[in-house]
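Source file: data-v6.cif; contents: mmCIF, C-alpha atoms and all ligand atoms.
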```
data_my_file
loop_
_atom_site.label_atom_id
_atom_site.label_comp_id
_atom_site.auth_asym_id
_atom_site.auth_seq_id
_atom_site.Cartn_x
_atom_site.Cartn_y
_atom_site.Cartn_z
CA MET X 1 -15.74 -39.87 -56.18
CA THR X 2 -12.94 -40.87 -53.86
CA THR X 3 -12.68 -37.24 -52.71
CA THR X 4 -16.43 -37.10 -52.00
CA ARG X 5 -16.26 -40.30 -50.00
CA ALA X 6 -13.22 -39.12 -48.07
CA ARG X 7 -15.02 -35.86 -47.31
CA ALA X 8 -18.12 -37.74 -46.12
CA GLU X 9 -15.95 -39.90 -43.87
CA LEU X 10 -14.20 -36.83 -42.49
CA ILE X 11 -17.54 -35.20 -41.71
CA ALA X 12 -18.83 -38.37 -40.06
CA ALA X 13 -15.66 -38.64 -37.98
CA THR X 14 -15.95 -34.99 -36.95
CA VAL X 15 -19.57 -35.48 -35.87
CA ILE X 16 -18.64 -38.56 -33.84
CA VAL X 17 -15.79 -36.70 -32.11
CA ALA X 18 -18.12 -33.78 -31.37
CA LEU X 19 -20.74 -36.10 -29.88
CA LEU X 20 -18.12 -37.84 -27.75
CA VAL X 21 -16.83 -34.50 -26.45
CA CYS X 22 -20.36 -33.33 -25.63
CA GLY X 23 -21.22 -36.63 -23.96
CA PHE X 24 -18.08 -36.47 -21.87
CA ALA X 25 -18.83 -32.92 -20.79
CA LEU X 26 -22.40 -33.79 -19.80
CA ALA X 27 -21.44 -36.95 -17.94
CA ARG X 28 -18.40 -35.48 -16.25
CA PRO X 29 -18.75 -35.67 -12.48
CA GLY X 30 -17.19 -33.26 -10.07
CA THR X 31 -18.63 -30.01 -11.31
CA ALA X 32 -21.57 -28.00 -10.15
CA ASP X 33 -23.24 -24.73 -10.82
CA SER X 34 -26.41 -22.93 -9.87
CA SER X 35 -28.41 -24.31 -12.77
CA GLY X 36 -29.78 -27.25 -10.85
CA THR X 37 -26.92 -29.65 -11.40
CA VAL X 38 -26.90 -32.51 -8.91
CA VAL X 39 -23.44 -33.06 -7.45
CA GLY X 40 -22.13 -36.57 -6.82
CA PRO X 41 -22.11 -39.37 -6.00
CA ASP X 42 -18.43 -39.14 -7.03
CA ASP X 43 -16.26 -36.69 -5.11
CA ALA X 44 -16.84 -33.21 -6.44
CA THR X 45 -15.59 -29.65 -6.26
CA VAL X 46 -18.05 -26.78 -5.86
CA THR X 47 -16.90 -23.19 -6.27
CA LEU X 48 -18.76 -20.54 -4.27
CA THR X 49 -18.32 -16.80 -4.55
CA ILE X 50 -19.04 -14.30 -1.79
CA ARG X 51 -20.11 -10.83 -2.81
CA HIS X 52 -22.01 -8.21 -0.78
CA SER X 53 -22.27 -10.71 2.11
CA HIS X 54 -24.10 -13.32 0.08
CA PHE X 55 -23.06 -16.70 -1.26
CA SER X 56 -23.41 -17.50 -4.91
CA PRO X 57 -24.88 -19.94 -5.66
CA GLU X 58 -27.28 -20.03 -2.72
CA HIS X 59 -28.57 -23.47 -3.54
CA LEU X 60 -27.05 -26.83 -4.45
CA SER X 61 -28.24 -30.39 -4.84
CA VAL X 62 -25.98 -33.24 -3.75
CA ARG X 63 -26.37 -37.00 -3.79
CA PRO X 64 -26.03 -38.76 -0.41
CA GLY X 65 -22.49 -39.81 0.49
CA THR X 66 -20.78 -37.26 -1.75
CA LEU X 67 -17.55 -35.73 -0.50
CA VAL X 68 -17.67 -32.12 -1.66
CA ARG X 69 -14.61 -29.88 -1.77
CA PHE X 70 -15.86 -26.33 -1.38
CA VAL X 71 -13.66 -23.62 -2.86
CA ILE X 72 -14.92 -20.27 -1.58
CA ARG X 73 -13.76 -16.99 -3.10
CA ASN X 74 -14.39 -13.91 -1.00
CA ASP X 75 -14.69 -10.85 -3.25
CA ASP X 76 -15.76 -8.63 -0.34
CA PRO X 77 -13.48 -6.15 1.45
CA ILE X 78 -14.35 -7.82 4.78
CA GLY X 79 -13.74 -11.31 6.17
CA HIS X 80 -16.36 -14.03 6.18
CA GLU X 81 -16.68 -17.67 7.15
CA PHE X 82 -18.20 -20.73 5.57
CA ILE X 83 -19.87 -23.21 7.90
CA VAL X 84 -21.75 -26.23 6.62
CA GLY X 85 -23.41 -28.78 8.88
CA ASP X 86 -26.44 -29.77 10.89
CA ASP X 87 -28.61 -27.54 13.09
CA GLY X 88 -26.37 -28.06 16.13
CA VAL X 89 -23.33 -26.81 14.23
CA HIS X 90 -25.15 -23.67 13.14
CA GLN X 91 -26.58 -22.96 16.58
CA ARG X 92 -23.13 -23.30 18.13
CA HIS X 93 -21.60 -20.88 15.65
CA GLU X 94 -24.46 -18.39 15.69
CA ALA X 95 -24.21 -18.22 19.50
CA GLY X 96 -20.44 -18.62 19.56
CA THR X 97 -17.65 -16.16 19.92
CA GLU X 98 -14.96 -17.66 17.71
CA PRO X 99 -13.70 -14.82 15.51
CA VAL X 100 -11.55 -17.15 13.44
CA HIS X 101 -11.89 -20.86 12.82
CA PRO X 102 -9.12 -23.37 12.63
CA PRO X 103 -9.61 -25.56 9.59
CA ARG X 104 -12.19 -28.22 10.42
CA PRO X 105 -14.19 -30.24 7.92
CA GLY X 106 -16.97 -27.95 6.75
CA GLU X 107 -15.70 -24.89 8.62
CA VAL X 108 -13.31 -22.27 7.31
CA SER X 109 -12.64 -18.53 7.61
CA ILE X 110 -12.05 -16.56 4.43
CA ALA X 111 -10.17 -13.28 4.76
CA ALA X 112 -11.13 -10.34 2.57
CA GLY X 113 -10.18 -10.84 -1.04
CA THR X 114 -8.92 -14.39 -0.58
CA THR X 115 -9.96 -17.92 -1.46
CA ALA X 116 -10.21 -20.76 1.04
CA GLU X 117 -11.43 -24.31 0.89
CA THR X 118 -12.87 -27.04 3.04
CA THR X 119 -14.37 -30.45 2.46
CA PHE X 120 -17.60 -31.91 3.78
CA ARG X 121 -19.24 -35.27 3.23
CA PHE X 122 -23.01 -35.25 2.81
CA GLU X 123 -23.94 -38.50 4.49
CA GLY X 124 -26.77 -40.55 3.20
CA THR X 125 -27.73 -42.16 6.46
CA THR X 126 -30.64 -39.85 7.09
CA GLY X 127 -31.84 -40.02 3.52
CA ALA X 128 -32.99 -36.95 1.72
CA GLY X 129 -32.89 -33.66 3.54
CA THR X 130 -31.58 -30.13 3.57
CA VAL X 131 -28.21 -29.01 4.91
CA VAL X 132 -27.46 -25.33 5.50
CA TYR X 133 -24.25 -23.42 4.85
CA ALA X 134 -23.81 -20.01 6.38
CA CYS X 135 -21.58 -17.26 7.70
CA HIS X 136 -22.08 -16.69 11.43
CA LEU X 137 -20.05 -13.54 11.90
CA PRO X 138 -22.22 -11.08 13.86
CA GLY X 139 -25.31 -10.16 11.88
CA HIS X 140 -24.31 -11.95 8.67
CA PHE X 141 -26.72 -14.89 8.93
CA ARG X 142 -29.64 -12.58 9.70
CA TYR X 143 -28.61 -10.43 6.75
CA GLY X 144 -29.11 -13.49 4.57
CA MET X 145 -25.64 -14.92 4.28
CA SER X 146 -26.66 -18.55 3.94
CA GLY X 147 -27.51 -21.20 1.42
CA THR X 148 -29.02 -24.66 1.28
CA VAL X 149 -27.93 -28.04 0.00
CA ASP X 150 -30.65 -30.50 -0.87
CA VAL X 151 -29.42 -34.03 -0.35
CA VAL X 152 -31.38 -35.92 -2.95
CA ASN X 153 -31.69 -39.61 -3.68
CA GLY X 154 -31.98 -41.07 -7.13
CU CU X 201 -20.05 -13.14 6.57
#
```
Let's see the structure in the file written out as structure tokens.
Ligand SMILES: [Cu+2]
Amino acid sequence: MTTTRARAELIAATVIVALLVCGFALARPGTADSSGTVVGPDDATVTLTIRHSHFSPEHLSVRPGTLVRFVIRNDDPIGHEFIVGDDGVHQRHEAGTEPVHPPRPGEVSIAAGTTAETTFRFEGTTGAGTVVYACHLPGHFRYGMSGTVDVVNG
């Protein structure tokens, strides 16, 4: 009888620990994937992969005000860049002639086979909206090397 009770208590304790671990994993901020996870409002890290001149994932959702650290792994045998920002930023880079970018918030070059990172804060002042990230090396944006970030309230 004592053994049965002890076993029942052990099972109950195991279930509680399992639930706590699952709850922690679900509530844990700072991670994101392409499955529709909303990043933020706490600071977060998003990992992007470049392959065949495309970003993966190509879509993210972020809460306003979130500071996102982008870690971008370039699996291609050629260099790329990661530029995130408003329309003006993209127009400047698409028309620009900078072959390599010094590290600026939201702008980084990623040499072939390397990983680079940059941070960007998605401000909430304009409310909900869409922010684009892209590579503006010649022809890459037109080829489809871009993605979108939905800045979502709530
Ligand atoms: Cu590119």
May I ask you to write as a ChimeraX atom specification all residues lying at most 10 Å from ligand CU 201 (chain X), with all atoms listed in the file counted? /X:50-55,74,76,78-82,109-110,134-141,143-146
Output file for the residues above (C-alpha atoms, as a short mmCIF file (atom, residue, chain, number, x, y, z; two decimals), keeping the file's coordinate frame):
```
data_model
loop_
_atom_site.label_atom_id
_atom_site.label_comp_id
_atom_site.auth_asym_id
_atom_site.auth_seq_id
_atom_site.Cartn_x
_atom_site.Cartn_y
_atom_site.Cartn_z
CA ILE X 50 -19.04 -14.30 -1.79
CA ARG X 51 -20.11 -10.83 -2.81
CA HIS X 52 -22.01 -8.21 -0.78
CA SER X 53 -22.27 -10.71 2.11
CA HIS X 54 -24.10 -13.32 0.08
CA PHE X 55 -23.06 -16.70 -1.26
CA ASN X 74 -14.39 -13.91 -1.00
CA ASP X 76 -15.76 -8.63 -0.34
CA ILE X 78 -14.35 -7.82 4.78
CA GLY X 79 -13.74 -11.31 6.17
CA HIS X 80 -16.36 -14.03 6.18
CA GLU X 81 -16.68 -17.67 7.15
CA PHE X 82 -18.20 -20.73 5.57
CA SER X 109 -12.64 -18.53 7.61
CA ILE X 110 -12.05 -16.56 4.43
CA ALA X 134 -23.81 -20.01 6.38
CA CYS X 135 -21.58 -17.26 7.70
CA HIS X 136 -22.08 -16.69 11.43
CA LEU X 137 -20.05 -13.54 11.90
CA PRO X 138 -22.22 -11.08 13.86
CA GLY X 139 -25.31 -10.16 11.88
CA HIS X 140 -24.31 -11.95 8.67
CA PHE X 141 -26.72 -14.89 8.93
CA TYR X 143 -28.61 -10.43 6.75
CA GLY X 144 -29.11 -13.49 4.57
CA MET X 145 -25.64 -14.92 4.28
CA SER X 146 -26.66 -18.55 3.94
#
```
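In this comparison, which uses only C-alpha atoms, the residue of X:Val132, X:Val39, X:Val151, X:Ala116 approaching His90 (chain X) most closely is X:Val132.
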As an exercise, work out the distance from CA of Arg121 (chain X) to CA of Arg104 (chain X) in Å and give it to one decimal place. 12.3 Å
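Computed from the coordinates, the CA of Val149 (chain X) to CA of Gly129 (chain X) distance equals 8.3 Å.
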Interatomic distance between CA of Ser61 (chain X) and CA of Thr115 (chain X)? 22.4 Å
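Among X:Gly147, X:Leu60, X:Val89, X:Thr45, the residue with the shortest atom-to-atom distance to Thr118 (chain X), counting all atoms listed in the file, is X:Thr45.
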Which residues come within 9 Å of Pro77 (chain X), counting only C-alpha atoms, excluding same-chain residues fewer than 5 positions away, as a VMD selection string? chain X and resid 111 to 113
Using all atoms listed in the file, which residue out of X:Glu94, X:Glu117, X:Asp87, X:Asp43 lies closest to Thr66 (chain X)?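 When distances to Thr66 (chain X) are compared using all atoms listed in the file, the smallest one comes from X:Asp43.
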For Val68 (chain X), work out the shell of residues within 10 Å, counting all atoms listed in the file and skipping chain neighbours fewer than 4 positions away, then give it as a PyMOL selection string. chain X and resi 30-31+39-46+62+106+118-122
Test item: which residues lie within 8 Å of (-13.3, -17.7, -9.7) counting all atoms listed in the file, as JSON, numbers by chain: {"X": [47, 49, 73]}
Using all atoms listed in the file for the distances, tell me which of X:Thr37, X:Ile83, X:His59, X:Phe70 is nearest to Asp150 (chain X). X:His59
Please rebuild region 65-77 of chain X with N, CA and C atoms and give the result as a tab-separated table (two decimals), in the coordinates of the input.
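Dumped everything to selection.tsv:
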```tsv
chain	number	residue	atom	x	y	z
X	65	GLY	N	-23.81	-39.18	0.45
X	65	GLY	CA	-22.49	-39.81	0.49
X	65	GLY	C	-21.41	-39.06	-0.25
X	66	THR	N	-21.76	-37.99	-0.95
X	66	THR	CA	-20.78	-37.26	-1.75
X	66	THR	C	-19.84	-36.45	-0.88
X	67	LEU	N	-18.54	-36.59	-1.15
X	67	LEU	CA	-17.55	-35.73	-0.50
X	67	LEU	C	-17.36	-34.51	-1.39
X	68	VAL	N	-17.75	-33.35	-0.87
X	68	VAL	CA	-17.67	-32.12	-1.66
X	68	VAL	C	-16.52	-31.26	-1.15
X	69	ARG	N	-15.67	-30.85	-2.08
X	69	ARG	CA	-14.61	-29.88	-1.77
X	69	ARG	C	-15.15	-28.51	-2.15
X	70	PHE	N	-15.36	-27.68	-1.13
X	70	PHE	CA	-15.86	-26.33	-1.38
X	70	PHE	C	-14.68	-25.38	-1.54
X	71	VAL	N	-14.65	-24.68	-2.64
X	71	VAL	CA	-13.66	-23.62	-2.86
X	71	VAL	C	-14.44	-22.31	-2.81
X	72	ILE	N	-14.12	-21.48	-1.82
X	72	ILE	CA	-14.92	-20.27	-1.58
X	72	ILE	C	-14.05	-19.03	-1.81
X	73	ARG	N	-14.49	-18.23	-2.76
X	73	ARG	CA	-13.76	-16.99	-3.10
X	73	ARG	C	-14.49	-15.79	-2.50
X	74	ASN	N	-13.79	-15.07	-1.66
X	74	ASN	CA	-14.39	-13.91	-1.00
X	74	ASN	C	-14.01	-12.63	-1.75
X	75	ASP	N	-14.94	-12.09	-2.50
X	75	ASP	CA	-14.69	-10.85	-3.25
X	75	ASP	C	-14.99	-9.60	-2.43
X	76	ASP	N	-15.43	-9.78	-1.18
X	76	ASP	CA	-15.76	-8.63	-0.34
X	76	ASP	C	-14.51	-8.04	0.32
X	77	PRO	N	-14.60	-6.77	0.74
X	77	PRO	CA	-13.48	-6.15	1.45
X	77	PRO	C	-13.47	-6.46	2.94
```
